[in-house]
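Structure below is coords_38.csv: CSV, C-alpha atoms.
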chain,number,residue,atom,x,y,z
X,7,MET,CA,0.0,0.0,0.0
X,8,ALA,CA,1.8,3.1,-1.2
X,9,ASN,CA,1.4,6.5,-2.8
X,10,TYR,CA,3.8,7.2,-5.7
X,11,VAL,CA,5.0,10.3,-7.5
X,12,TYR,CA,6.5,9.6,-10.9
X,13,ILE,CA,7.3,12.8,-12.7
X,14,ALA,CA,9.8,14.7,-14.8
X,15,THR,CA,11.1,18.1,-13.8
X,16,SER,CA,13.4,20.7,-15.1
X,17,LEU,CA,16.7,21.3,-13.3
X,18,ASP,CA,15.0,24.2,-11.5
X,19,GLY,CA,12.0,22.0,-10.4
X,20,TYR,CA,9.3,22.9,-12.9
X,21,ILE,CA,6.9,20.3,-14.3
X,22,ALA,CA,5.4,22.5,-17.0
X,23,ALA,CA,5.7,26.0,-18.4
X,24,SER,CA,3.5,28.6,-16.9
X,25,ASP,CA,0.7,27.9,-19.4
X,26,GLY,CA,1.0,24.1,-18.6
X,27,GLY,CA,3.1,23.6,-21.8
X,28,LEU,CA,5.3,20.5,-22.1
X,29,ASP,CA,7.2,21.3,-25.2
X,30,TRP,CA,10.5,21.5,-23.3
X,31,LEU,CA,9.9,17.9,-22.2
X,32,MET,CA,8.5,16.6,-25.5
X,33,GLU,CA,11.5,17.9,-27.5
X,34,ILE,CA,13.9,15.7,-25.7
X,35,PRO,CA,15.1,12.9,-28.0
X,36,ALA,CA,14.2,9.4,-26.7
X,37,PRO,CA,16.3,7.2,-28.9
X,38,GLY,CA,14.9,3.7,-29.5
X,39,GLY,CA,11.6,4.7,-27.9
X,40,GLU,CA,13.1,4.8,-24.4
X,41,ASP,CA,10.3,5.2,-21.9
X,42,TYR,CA,12.5,5.8,-18.8
X,43,GLY,CA,10.8,2.9,-17.0
X,44,TYR,CA,7.3,4.3,-17.4
X,45,ALA,CA,5.7,1.0,-18.5
X,46,GLU,CA,7.4,-0.9,-15.7
X,47,PHE,CA,6.3,1.7,-13.2
X,48,MET,CA,2.7,1.7,-14.5
X,49,ALA,CA,2.6,-2.1,-14.2
X,50,THR,CA,3.1,-1.7,-10.4
X,51,ILE,CA,0.3,0.7,-9.7
X,52,ASP,CA,-3.5,0.0,-9.3
X,53,ALA,CA,-4.9,3.4,-10.1
X,54,LEU,CA,-4.1,7.1,-10.6
X,55,VAL,CA,-5.2,10.0,-8.5
X,56,MET,CA,-4.8,13.3,-10.3
X,57,GLY,CA,-5.9,16.9,-10.0
X,58,ARG,CA,-8.5,18.5,-12.2
X,59,LYS,CA,-6.0,20.6,-14.1
X,60,THR,CA,-3.9,17.6,-15.0
X,61,PHE,CA,-7.0,15.7,-16.1
X,62,GLU,CA,-8.0,18.6,-18.4
X,63,LYS,CA,-4.4,18.6,-19.8
X,64,VAL,CA,-4.6,14.9,-20.5
X,65,LEU,CA,-7.9,15.3,-22.3
X,66,THR,CA,-6.1,17.6,-24.8
X,67,PHE,CA,-3.8,14.8,-25.7
X,68,GLY,CA,-6.5,13.1,-27.7
X,69,ASP,CA,-6.4,9.4,-27.0
X,70,TRP,CA,-6.9,8.5,-23.4
X,71,PRO,CA,-3.5,7.2,-22.3
X,72,TYR,CA,-4.3,5.1,-19.2
X,73,ASP,CA,-5.4,1.5,-18.9
X,74,LYS,CA,-5.8,1.8,-15.1
X,75,PRO,CA,-8.7,3.5,-13.3
X,76,VAL,CA,-8.2,7.3,-12.9
X,77,PHE,CA,-9.6,9.2,-9.9
X,78,VAL,CA,-9.9,12.9,-10.6
X,79,LEU,CA,-9.9,15.2,-7.6
X,80,SER,CA,-12.4,18.0,-8.3
X,81,THR,CA,-15.1,20.0,-6.6
X,82,THR,CA,-16.0,21.7,-9.9
X,83,ILE,CA,-16.3,18.9,-12.3
X,84,THR,CA,-19.2,16.5,-11.5
X,85,GLU,CA,-19.6,14.5,-14.7
X,86,VAL,CA,-17.1,12.4,-16.7
X,87,PRO,CA,-17.0,12.7,-20.5
X,88,GLU,CA,-19.1,9.9,-22.0
X,89,HIS,CA,-16.2,8.1,-23.7
X,90,LEU,CA,-14.4,7.9,-20.3
X,91,ALA,CA,-17.3,6.3,-18.4
X,92,GLY,CA,-16.0,3.4,-16.4
X,93,LYS,CA,-12.4,4.7,-16.7
X,94,VAL,CA,-12.6,7.9,-14.8
X,95,GLU,CA,-14.3,8.7,-11.5
X,96,ILE,CA,-14.6,12.2,-10.0
X,97,VAL,CA,-13.7,12.2,-6.3
X,98,HIS,CA,-13.2,14.8,-3.6
X,99,GLY,CA,-12.8,15.1,0.1
X,100,GLU,CA,-10.0,14.7,2.7
X,101,LEU,CA,-7.0,13.0,1.1
X,102,LYS,CA,-6.2,10.5,3.8
X,103,GLU,CA,-9.8,9.4,3.9
X,104,LEU,CA,-10.0,9.2,0.1
X,105,THR,CA,-6.9,7.0,-0.2
X,106,GLY,CA,-8.2,4.9,2.7
X,107,THR,CA,-11.4,4.3,0.7
X,108,LEU,CA,-9.5,3.6,-2.5
X,109,ASN,CA,-7.3,1.1,-0.6
X,110,GLN,CA,-10.4,-0.6,0.7
X,111,ARG,CA,-11.7,-0.9,-2.8
X,112,GLY,CA,-8.5,-2.8,-3.7
X,113,TYR,CA,-6.5,0.1,-5.2
X,114,ASN,CA,-3.4,-0.2,-3.0
X,115,ASN,CA,-0.7,1.4,-5.1
X,116,LEU,CA,-1.7,4.8,-6.2
X,117,TYR,CA,0.1,7.1,-8.8
X,118,ILE,CA,-0.5,10.6,-7.5
X,119,ASP,CA,-0.2,13.1,-10.4
X,120,GLY,CA,-0.4,16.8,-11.0
X,121,GLY,CA,1.5,19.7,-9.3
X,122,VAL,CA,-1.2,20.9,-6.9
X,123,THR,CA,-2.3,17.4,-6.0
X,124,ILE,CA,1.2,16.2,-5.3
X,125,GLN,CA,1.8,19.3,-3.1
X,126,ASN,CA,-1.4,18.6,-1.2
X,127,PHE,CA,-0.4,15.0,-0.6
X,128,LEU,CA,3.1,16.0,0.5
X,129,GLN,CA,1.7,18.7,2.9
X,130,GLN,CA,0.0,15.8,4.7
X,131,ASP,CA,3.0,13.5,4.4
X,132,LEU,CA,1.0,11.1,2.3
X,133,ILE,CA,3.7,10.3,-0.3
X,134,ASP,CA,5.7,7.1,0.1
X,135,GLU,CA,7.9,7.0,-3.0
X,136,MET,CA,9.0,9.6,-5.5
X,137,ILE,CA,10.6,8.8,-8.8
X,138,ILE,CA,11.8,12.1,-10.2
X,139,THR,CA,13.5,12.4,-13.6
X,140,LYS,CA,15.6,15.5,-14.0
X,141,VAL,CA,15.8,17.2,-17.4
X,142,PRO,CA,19.1,19.2,-17.8
X,143,THR,CA,17.3,22.4,-18.7
X,144,LEU,CA,16.7,25.5,-16.5
X,145,LEU,CA,13.2,26.6,-17.4
X,146,GLY,CA,13.4,29.8,-15.4
X,147,GLY,CA,9.7,29.7,-14.5
X,148,GLY,CA,6.5,27.6,-14.7
X,149,ILE,CA,4.5,25.3,-12.6
X,150,PRO,CA,6.7,24.0,-9.7
X,151,LEU,CA,6.6,20.4,-8.5
X,152,PHE,CA,7.1,21.3,-4.9
X,153,GLY,CA,5.4,23.8,-2.7
X,154,THR,CA,5.6,24.9,0.9
X,155,LEU,CA,5.5,22.5,3.8
X,156,ASP,CA,4.8,23.0,7.5
X,157,GLU,CA,8.0,21.1,8.3
X,158,PRO,CA,10.7,19.3,6.4
X,159,ILE,CA,10.2,15.7,5.2
X,160,LYS,CA,13.1,13.3,4.9
X,161,PHE,CA,13.4,10.8,2.2
X,162,LYS,CA,15.9,8.0,1.6
X,163,HIS,CA,17.7,7.7,-1.8
X,164,VAL,CA,16.9,4.3,-3.3
X,165,LYS,CA,18.6,4.5,-6.7
X,166,THR,CA,19.5,6.7,-9.5
X,167,GLU,CA,19.6,5.9,-13.2
X,168,ILE,CA,21.3,7.9,-15.9
X,169,TYR,CA,20.0,8.0,-19.5
X,170,ASP,CA,22.2,8.7,-22.6
X,171,ASN,CA,20.3,11.9,-23.3
X,172,GLY,CA,21.2,13.4,-19.9
X,173,LEU,CA,18.1,12.6,-18.0
X,174,VAL,CA,18.8,11.6,-14.4
X,175,LYS,CA,16.0,9.5,-12.7
X,176,SER,CA,16.2,9.2,-8.9
X,177,ARG,CA,14.0,7.2,-6.7
X,178,TYR,CA,13.3,8.3,-3.1
X,179,SER,CA,11.5,6.5,-0.4
X,180,ARG,CA,10.0,8.1,2.7
X,181,SER,CA,12.3,7.7,5.7
X,182,SER,CA,10.6,6.5,8.8
Y,20,MET,CA,38.1,30.0,-18.4
Y,21,ALA,CA,34.9,29.1,-16.8
Y,22,ASN,CA,32.4,30.0,-14.1
Y,23,TYR,CA,31.3,27.2,-11.8
Y,24,VAL,CA,28.5,26.6,-9.4
Y,25,TYR,CA,29.2,24.0,-6.7
Y,26,ILE,CA,26.4,23.7,-4.2
Y,27,ALA,CA,24.1,21.5,-2.2
Y,28,THR,CA,20.4,21.8,-2.4
Y,29,SER,CA,17.4,20.1,-0.8
Y,30,LEU,CA,15.2,17.9,-3.0
Y,31,ASP,CA,13.0,20.9,-3.5
Y,32,GLY,CA,15.8,23.2,-4.5
Y,33,TYR,CA,16.6,25.2,-1.4
Y,34,ILE,CA,20.2,26.0,-0.4
Y,35,ALA,CA,19.3,27.2,3.1
Y,36,ALA,CA,16.4,27.7,5.4
Y,37,SER,CA,14.6,31.0,5.3
Y,38,ASP,CA,16.9,32.5,8.0
Y,39,GLY,CA,20.0,31.2,6.1
Y,40,GLY,CA,20.3,28.2,8.4
Y,41,LEU,CA,22.2,25.2,7.2
Y,42,ASP,CA,21.4,22.7,10.0
Y,43,TRP,CA,19.5,20.4,7.6
Y,44,LEU,CA,22.8,20.2,5.7
Y,45,MET,CA,25.2,20.0,8.6
Y,46,GLU,CA,23.3,17.1,10.2
Y,47,ILE,CA,23.9,14.8,7.3
Y,48,PRO,CA,26.4,12.1,8.4
Y,49,ALA,CA,29.6,12.2,6.3
Y,50,PRO,CA,31.3,8.9,7.2
Y,51,GLY,CA,35.0,8.9,6.9
Y,52,GLY,CA,35.1,12.6,6.5
Y,53,GLU,CA,33.7,12.3,3.0
Y,54,ASP,CA,33.9,15.8,1.3
Y,55,TYR,CA,31.9,14.9,-1.8
Y,56,GLY,CA,34.8,16.0,-4.1
Y,57,TYR,CA,35.0,19.5,-2.5
Y,58,ALA,CA,38.8,19.6,-2.1
Y,59,GLU,CA,39.2,18.2,-5.7
Y,60,PHE,CA,36.9,20.9,-7.0
Y,61,MET,CA,38.5,23.7,-5.0
Y,62,ALA,CA,41.9,22.7,-6.5
Y,63,THR,CA,40.6,23.5,-10.0
Y,64,ILE,CA,39.4,27.0,-9.3
Y,65,ASP,CA,41.4,30.2,-9.1
Y,66,ALA,CA,39.1,32.4,-7.0
Y,67,LEU,CA,35.6,32.7,-5.6
Y,68,VAL,CA,33.0,35.3,-6.4
Y,69,MET,CA,30.3,35.5,-3.7
Y,70,GLY,CA,27.4,37.7,-2.7
Y,71,ARG,CA,27.4,39.9,0.4
Y,72,LYS,CA,24.9,37.7,2.2
Y,73,THR,CA,27.0,34.6,1.7
Y,74,PHE,CA,30.1,36.4,2.8
Y,75,GLU,CA,28.4,37.5,6.0
Y,76,LYS,CA,27.3,33.9,6.6
Y,77,VAL,CA,30.8,32.6,6.1
Y,78,LEU,CA,32.1,35.2,8.6
Y,79,THR,CA,29.9,33.6,11.3
Y,80,PHE,CA,31.6,30.2,10.8
Y,81,GLY,CA,34.7,31.6,12.7
Y,82,ASP,CA,37.8,30.5,10.9
Y,83,TRP,CA,38.1,31.8,7.3
Y,84,PRO,CA,37.7,28.6,5.2
Y,85,TYR,CA,39.2,29.6,1.9
Y,86,ASP,CA,42.8,29.5,0.7
Y,87,LYS,CA,41.9,31.1,-2.7
Y,88,PRO,CA,41.1,34.8,-3.2
Y,89,VAL,CA,37.5,35.7,-2.5
Y,90,PHE,CA,35.8,38.6,-4.4
Y,91,VAL,CA,32.6,39.8,-2.6
Y,92,LEU,CA,30.0,41.5,-4.7
Y,93,SER,CA,28.6,44.4,-2.6
Y,94,THR,CA,27.5,48.0,-3.0
Y,95,THR,CA,27.0,48.4,0.8
Y,96,ILE,CA,30.2,46.9,2.2
Y,97,THR,CA,33.3,49.0,1.4
Y,98,GLU,CA,35.9,47.7,3.8
Y,99,VAL,CA,37.2,44.2,4.4
Y,100,PRO,CA,37.6,43.0,8.0
Y,101,GLU,CA,41.3,43.5,9.0
Y,102,HIS,CA,42.1,39.8,9.4
Y,103,LEU,CA,41.0,39.2,5.9
Y,104,ALA,CA,43.1,41.9,4.2
Y,105,GLY,CA,44.7,40.4,1.2
Y,106,LYS,CA,42.3,37.5,1.1
Y,107,VAL,CA,39.0,39.3,0.3
Y,108,GLU,CA,38.3,42.1,-2.1
Y,109,ILE,CA,35.0,44.0,-2.4
Y,110,VAL,CA,33.9,44.3,-6.0
Y,111,HIS,CA,30.8,45.6,-7.8
Y,112,GLY,CA,29.6,46.4,-11.3
Y,113,GLU,CA,28.4,44.6,-14.3
Y,114,LEU,CA,29.0,40.9,-14.0
Y,115,LYS,CA,30.4,40.2,-17.5
Y,116,GLU,CA,32.8,43.1,-17.1
Y,117,LEU,CA,33.8,42.0,-13.7
Y,118,THR,CA,34.6,38.4,-14.7
Y,119,GLY,CA,36.5,39.8,-17.7
Y,120,THR,CA,38.6,41.9,-15.4
Y,121,LEU,CA,39.2,38.9,-13.1
Y,122,ASN,CA,40.2,36.7,-16.0
Y,123,GLN,CA,42.7,39.4,-17.1
Y,124,ARG,CA,44.1,39.3,-13.6
Y,125,GLY,CA,44.7,35.6,-14.1
Y,126,TYR,CA,41.6,34.3,-12.2
Y,127,ASN,CA,40.3,32.1,-15.0
Y,128,ASN,CA,38.2,29.5,-13.2
Y,129,LEU,CA,35.7,31.2,-10.8
Y,130,TYR,CA,33.6,29.6,-8.2
Y,131,ILE,CA,30.4,31.6,-8.1
Y,132,ASP,CA,28.6,31.2,-4.8
Y,133,GLY,CA,25.5,32.5,-3.0
Y,134,GLY,CA,21.8,32.3,-4.1
Y,135,VAL,CA,21.3,35.8,-5.3
Y,136,THR,CA,24.7,35.9,-7.0
Y,137,ILE,CA,24.2,32.5,-8.8
Y,138,GLN,CA,20.8,33.7,-10.0
Y,139,ASN,CA,22.3,37.0,-11.3
Y,140,PHE,CA,25.0,35.1,-13.2
Y,141,LEU,CA,22.4,32.6,-14.6
Y,142,GLN,CA,20.2,35.5,-15.7
Y,143,GLN,CA,23.0,36.6,-18.0
Y,144,ASP,CA,23.9,33.1,-19.0
Y,145,LEU,CA,27.3,33.4,-17.4
Y,146,ILE,CA,27.5,29.9,-15.7
Y,147,ASP,CA,29.5,27.3,-17.6
Y,148,GLU,CA,29.4,24.3,-15.2
Y,149,MET,CA,27.1,23.4,-12.3
Y,150,ILE,CA,27.9,20.7,-9.8
Y,151,ILE,CA,24.7,20.2,-7.7
Y,152,THR,CA,24.5,17.8,-4.8
Y,153,LYS,CA,20.9,16.8,-3.9
Y,154,VAL,CA,20.1,16.1,-0.3
Y,155,PRO,CA,17.1,13.7,0.0
Y,156,THR,CA,15.1,16.1,2.2
Y,157,LEU,CA,12.1,18.3,1.3
Y,158,LEU,CA,12.7,21.5,3.2
Y,159,GLY,CA,9.4,23.0,2.2
Y,160,GLY,CA,10.7,26.6,2.2
Y,161,GLY,CA,13.9,28.6,2.4
Y,162,ILE,CA,16.3,30.3,0.1
Y,163,PRO,CA,16.0,28.9,-3.4
Y,164,LEU,CA,19.0,28.1,-5.6
Y,165,PHE,CA,17.3,29.1,-8.9
Y,166,GLY,CA,15.3,32.1,-9.8
Y,167,THR,CA,13.4,33.4,-12.8
Y,168,LEU,CA,15.0,33.5,-16.3
Y,169,ASP,CA,14.1,35.5,-19.4
Y,170,GLU,CA,14.4,32.3,-21.4
Y,171,PRO,CA,15.3,28.6,-20.7
Y,172,ILE,CA,19.0,27.6,-20.6
Y,173,LYS,CA,20.0,24.1,-21.7
Y,174,PHE,CA,22.7,22.2,-20.0
Y,175,LYS,CA,24.4,18.9,-20.8
Y,176,HIS,CA,24.6,16.2,-18.1
Y,177,VAL,CA,28.2,15.3,-17.6
Y,178,LYS,CA,28.2,12.8,-14.8
Y,179,THR,CA,26.3,11.8,-11.6
Y,180,GLU,CA,27.8,10.3,-8.4
Y,181,ILE,CA,25.9,8.6,-5.7
Y,182,TYR,CA,27.0,8.7,-2.1
Y,183,ASP,CA,26.2,6.1,0.6
Y,184,ASN,CA,24.3,8.6,2.6
Y,185,GLY,CA,21.9,9.3,-0.2
Y,186,LEU,CA,23.4,12.4,-1.6
Y,187,VAL,CA,23.3,12.6,-5.4
Y,188,LYS,CA,25.9,14.8,-7.1
Y,189,SER,CA,25.3,15.8,-10.7
Y,190,ARG,CA,27.6,17.8,-13.0
Y,191,TYR,CA,26.1,19.8,-15.8
Y,192,SER,CA,27.8,21.8,-18.5
Y,193,ARG,CA,26.3,24.5,-20.6
Y,194,SER,CA,25.2,23.3,-24.0
Y,195,SER,CA,26.4,25.4,-26.8
Starting from the coordinates I provided, produce the structure as structure tokens.
Amino acid sequence: MANYVYIATSLDGYIAASDGGLDWLMEIPAPGGEDYGYAEFMATIDALVMGRKTFEKVLTFGDWPYDKPVFVLSTTITEVPEHLAGKVEIVHGELKELTGTLNQRGYNNLYIDGGVTIQNFLQQDLIDEMIITKVPTLLGGGIPLFGTLDEPIKFKHVKTEIYDNGLVKSRYSRSS
Amino acid sequence: MANYVYIATSLDGYIAASDGGLDWLMEIPAPGGEDYGYAEFMATIDALVMGRKTFEKVLTFGDWPYDKPVFVLSTTITEVPEHLAGKVEIVHGELKELTGTLNQRGYNNLYIDGGVTIQNFLQQDLIDEMIITKVPTLLGGGIPLFGTLDEPIKFKHVKTEIYDNGLVKSRYSRSS
């Protein structure tokens, strides 16, 4: 039972440009269709929990990219687009309670996605593992991965992988 | 001839607590007196350029820790403490001009230190190499390493070293 962050950031910690743009990320060459362990990671999770903004961003991609259930945190959206019925569920409420409910429904390993959502989970110390891939670019502005915390949270470094194109993927586990 | 950044940051990109505090960094065990390549790096540089705040922080450490000339950027300080005469010089002015002057004086490889100073150098694309050591802690607030930029700056990943205590040191070189 664990909550995971799996995300790419710029060297200065942004996950997207100010307008949500991902061009800086998309333009990185990925020789041989390298997926940086994404498929392997996705195989270990039972469901995704994402914020409303990330959900709306994913909708712009066209094809729905997930084959696992997606829970979208929102108080403004109430209905799921018809073609995603059965794939997406709108949820809200207190995060600890929400993940407890999802765990009871059999969704034990959760992929927590989206800047605001990750920050909200971290503020409550509800993230167990973070897999962060650093892109060697300083964006100089945008949507930050991390936000403010009431107190520091210590993680343990698990492993780091280096890719030929300069991406550095580090895995961190919550120290206890 | 190059300008270097060599610094430790928290996972969320802070170089110090809001009050400049470095306890979170000092409390990391360094078995066997591990210096993370600091001495080796210092041997390659000719002089340091640091901001006034960093200089004042270093003064609180007691013993002066540098055996290379230190140039302190300040418009408010005009005099160097007596015991540092000949070791520290107060400088100001336009950064490109300043480094040009230092280069002419034979200081070719410069260690650029201090949050504001590093940010000012980066804003003018005057940093050639960054050696950044990531501490596996989320501080949740403090003095950030990076600031805003007019446009993104691309670096090349050179190498990454992992230390037993979970520190991850990555070296990046300016792409050209």
**Request:** Please provide as a PyMOL selection string all residues within 12 Å of X:Tyr169, with the sequence filter that same-chain residues fewer than 2 positions apart are discarded (counting only C-alpha atoms).
**Result:** (chain X and resi 34-37+40-43+139-142+166-167+171-176) or (chain Y and resi 175-179)
Chain X least-squares fitted onto chain Y over all paired C-alpha atoms, as a CSV table (one decimal) with C-alpha atoms, in the frame of the given file:
chain,number,residue,atom,x,y,z
X,7,MET,CA,38.1,30.0,-18.4
X,8,ALA,CA,34.9,29.1,-16.7
X,9,ASN,CA,32.3,30.0,-14.1
X,10,TYR,CA,31.3,27.2,-11.7
X,11,VAL,CA,28.5,26.6,-9.4
X,12,TYR,CA,29.2,24.0,-6.7
X,13,ILE,CA,26.4,23.7,-4.2
X,14,ALA,CA,24.1,21.5,-2.2
X,15,THR,CA,20.4,21.7,-2.4
X,16,SER,CA,17.4,20.1,-0.9
X,17,LEU,CA,15.2,17.9,-3.0
X,18,ASP,CA,12.9,20.9,-3.5
X,19,GLY,CA,15.8,23.2,-4.5
X,20,TYR,CA,16.6,25.2,-1.4
X,21,ILE,CA,20.2,26.0,-0.4
X,22,ALA,CA,19.4,27.3,3.1
X,23,ALA,CA,16.4,27.7,5.4
X,24,SER,CA,14.6,31.0,5.3
X,25,ASP,CA,16.9,32.5,8.0
X,26,GLY,CA,20.0,31.2,6.0
X,27,GLY,CA,20.3,28.2,8.4
X,28,LEU,CA,22.2,25.1,7.3
X,29,ASP,CA,21.4,22.7,10.0
X,30,TRP,CA,19.5,20.4,7.6
X,31,LEU,CA,22.8,20.1,5.6
X,32,MET,CA,25.2,20.0,8.6
X,33,GLU,CA,23.2,17.1,10.2
X,34,ILE,CA,23.9,14.8,7.3
X,35,PRO,CA,26.4,12.1,8.4
X,36,ALA,CA,29.6,12.2,6.3
X,37,PRO,CA,31.2,8.9,7.2
X,38,GLY,CA,35.0,8.8,7.0
X,39,GLY,CA,35.1,12.6,6.5
X,40,GLU,CA,33.7,12.4,3.0
X,41,ASP,CA,33.9,15.8,1.3
X,42,TYR,CA,31.9,14.9,-1.8
X,43,GLY,CA,34.8,16.1,-4.0
X,44,TYR,CA,35.0,19.5,-2.5
X,45,ALA,CA,38.8,19.6,-2.1
X,46,GLU,CA,39.2,18.3,-5.7
X,47,PHE,CA,36.8,20.9,-7.0
X,48,MET,CA,38.5,23.7,-5.0
X,49,ALA,CA,41.9,22.7,-6.4
X,50,THR,CA,40.6,23.5,-9.9
X,51,ILE,CA,39.4,27.0,-9.3
X,52,ASP,CA,41.4,30.3,-9.1
X,53,ALA,CA,39.1,32.4,-7.0
X,54,LEU,CA,35.6,32.7,-5.6
X,55,VAL,CA,33.0,35.3,-6.4
X,56,MET,CA,30.2,35.5,-3.8
X,57,GLY,CA,27.4,37.7,-2.7
X,58,ARG,CA,27.4,39.9,0.3
X,59,LYS,CA,25.0,37.7,2.2
X,60,THR,CA,27.0,34.6,1.7
X,61,PHE,CA,30.2,36.4,2.8
X,62,GLU,CA,28.4,37.6,6.0
X,63,LYS,CA,27.3,33.9,6.6
X,64,VAL,CA,30.8,32.7,6.1
X,65,LEU,CA,32.2,35.2,8.6
X,66,THR,CA,29.9,33.6,11.3
X,67,PHE,CA,31.7,30.3,10.8
X,68,GLY,CA,34.7,31.6,12.7
X,69,ASP,CA,37.8,30.5,10.9
X,70,TRP,CA,38.1,31.8,7.3
X,71,PRO,CA,37.7,28.6,5.2
X,72,TYR,CA,39.2,29.6,1.9
X,73,ASP,CA,42.8,29.5,0.7
X,74,LYS,CA,41.9,31.2,-2.7
X,75,PRO,CA,41.2,34.9,-3.2
X,76,VAL,CA,37.5,35.8,-2.5
X,77,PHE,CA,35.7,38.6,-4.4
X,78,VAL,CA,32.7,39.8,-2.6
X,79,LEU,CA,30.0,41.5,-4.7
X,80,SER,CA,28.6,44.4,-2.6
X,81,THR,CA,27.5,48.0,-3.0
X,82,THR,CA,27.1,48.3,0.7
X,83,ILE,CA,30.2,47.0,2.2
X,84,THR,CA,33.3,49.0,1.3
X,85,GLU,CA,35.9,47.7,3.8
X,86,VAL,CA,37.2,44.2,4.4
X,87,PRO,CA,37.7,43.0,8.0
X,88,GLU,CA,41.3,43.6,9.0
X,89,HIS,CA,42.2,39.9,9.4
X,90,LEU,CA,40.9,39.2,5.8
X,91,ALA,CA,43.1,41.9,4.2
X,92,GLY,CA,44.8,40.4,1.2
X,93,LYS,CA,42.3,37.5,1.1
X,94,VAL,CA,39.1,39.3,0.4
X,95,GLU,CA,38.4,42.1,-2.1
X,96,ILE,CA,35.0,44.0,-2.4
X,97,VAL,CA,33.9,44.3,-6.0
X,98,HIS,CA,30.8,45.5,-7.8
X,99,GLY,CA,29.6,46.4,-11.2
X,100,GLU,CA,28.4,44.6,-14.4
X,101,LEU,CA,29.0,40.8,-14.0
X,102,LYS,CA,30.4,40.2,-17.5
X,103,GLU,CA,32.8,43.0,-17.1
X,104,LEU,CA,33.8,42.0,-13.6
X,105,THR,CA,34.6,38.4,-14.7
X,106,GLY,CA,36.4,39.8,-17.7
X,107,THR,CA,38.6,41.8,-15.4
X,108,LEU,CA,39.2,38.9,-13.0
X,109,ASN,CA,40.1,36.7,-16.0
X,110,GLN,CA,42.6,39.4,-17.1
X,111,ARG,CA,44.1,39.3,-13.7
X,112,GLY,CA,44.7,35.6,-14.1
X,113,TYR,CA,41.7,34.3,-12.2
X,114,ASN,CA,40.3,32.1,-15.0
X,115,ASN,CA,38.2,29.5,-13.1
X,116,LEU,CA,35.8,31.2,-10.9
X,117,TYR,CA,33.5,29.5,-8.1
X,118,ILE,CA,30.4,31.6,-8.1
X,119,ASP,CA,28.6,31.3,-4.7
X,120,GLY,CA,25.5,32.4,-3.0
X,121,GLY,CA,21.8,32.2,-4.1
X,122,VAL,CA,21.3,35.8,-5.4
X,123,THR,CA,24.7,35.9,-7.1
X,124,ILE,CA,24.2,32.6,-8.8
X,125,GLN,CA,20.8,33.7,-10.0
X,126,ASN,CA,22.3,36.9,-11.3
X,127,PHE,CA,25.0,35.1,-13.2
X,128,LEU,CA,22.5,32.6,-14.6
X,129,GLN,CA,20.1,35.5,-15.8
X,130,GLN,CA,23.0,36.6,-18.0
X,131,ASP,CA,23.9,33.1,-19.0
X,132,LEU,CA,27.3,33.4,-17.4
X,133,ILE,CA,27.5,30.0,-15.8
X,134,ASP,CA,29.5,27.3,-17.5
X,135,GLU,CA,29.3,24.3,-15.2
X,136,MET,CA,27.1,23.4,-12.3
X,137,ILE,CA,27.9,20.7,-9.8
X,138,ILE,CA,24.7,20.3,-7.7
X,139,THR,CA,24.5,17.8,-4.8
X,140,LYS,CA,21.0,16.8,-3.9
X,141,VAL,CA,20.1,16.1,-0.3
X,142,PRO,CA,17.1,13.7,0.0
X,143,THR,CA,15.1,16.1,2.2
X,144,LEU,CA,12.1,18.3,1.2
X,145,LEU,CA,12.7,21.5,3.1
X,146,GLY,CA,9.3,23.0,2.2
X,147,GLY,CA,10.7,26.5,2.1
X,148,GLY,CA,13.9,28.6,2.3
X,149,ILE,CA,16.3,30.3,0.1
X,150,PRO,CA,16.0,28.8,-3.5
X,151,LEU,CA,19.0,28.1,-5.7
X,152,PHE,CA,17.3,29.1,-8.8
X,153,GLY,CA,15.2,32.1,-9.8
X,154,THR,CA,13.4,33.4,-12.8
X,155,LEU,CA,15.0,33.6,-16.2
X,156,ASP,CA,14.1,35.5,-19.4
X,157,GLU,CA,14.4,32.3,-21.3
X,158,PRO,CA,15.3,28.7,-20.7
X,159,ILE,CA,19.0,27.6,-20.6
X,160,LYS,CA,20.0,24.1,-21.6
X,161,PHE,CA,22.7,22.2,-20.0
X,162,LYS,CA,24.3,18.9,-20.8
X,163,HIS,CA,24.6,16.1,-18.1
X,164,VAL,CA,28.3,15.3,-17.6
X,165,LYS,CA,28.1,12.8,-14.7
X,166,THR,CA,26.4,11.8,-11.6
X,167,GLU,CA,27.8,10.3,-8.5
X,168,ILE,CA,25.9,8.6,-5.7
X,169,TYR,CA,27.1,8.7,-2.0
X,170,ASP,CA,26.2,6.0,0.6
X,171,ASN,CA,24.3,8.6,2.6
X,172,GLY,CA,21.9,9.3,-0.3
X,173,LEU,CA,23.4,12.4,-1.6
X,174,VAL,CA,23.3,12.5,-5.4
X,175,LYS,CA,25.9,14.9,-7.1
X,176,SER,CA,25.3,15.8,-10.7
X,177,ARG,CA,27.5,17.8,-12.9
X,178,TYR,CA,26.1,19.9,-15.8
X,179,SER,CA,27.8,21.7,-18.5
X,180,ARG,CA,26.4,24.5,-20.5
X,181,SER,CA,25.2,23.3,-23.9
X,182,SER,CA,26.3,25.4,-26.8
**Message:** Using Å and a single decimal, report how far atom CA of X:Lys160 sits from atom CA of X:Gln129.
**Reply:**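 These two atoms are separated by 12.8 Å.
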**Item:** Between atom CA of Y:Arg190 and atom CA of Y:Thr28, distance in Å (one decimal)
**Value:**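 The value is 13.4 Å.
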**Asked** From the set X:Asn9, X:Ala23, X:Thr105, X:Gly112, which residue has the shortest atom-to-atom contact distance to chain Y, counting only C-alpha atoms?
**Response**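 The answer is X:Ala23, which sits nearest to chain Y.
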Enumerate, in order of chain and increasing residue number, the residues of stretch 101-131 of chain Y with an atom no farther than 7 Å from stretch 83-93 of chain Y, each with its shortest atom pair and distance in Å to one decimal, counting all atoms listed in the file, as a Markdown table.
| residue | atom | partner | partner_atom | distance |
| --- | --- | --- | --- | --- |
| Y:Lys106 | CA | Y:Pro88 | CA | 5.2 |
| Y:Val107 | CA | Y:Val89 | CA | 4.8 |
| Y:Glu108 | CA | Y:Phe90 | CA | 4.9 |
| Y:Ile109 | CA | Y:Val91 | CA | 4.8 |
| Y:Val110 | CA | Y:Leu92 | CA | 5.0 |
| Y:His111 | CA | Y:Leu92 | CA | 5.2 |
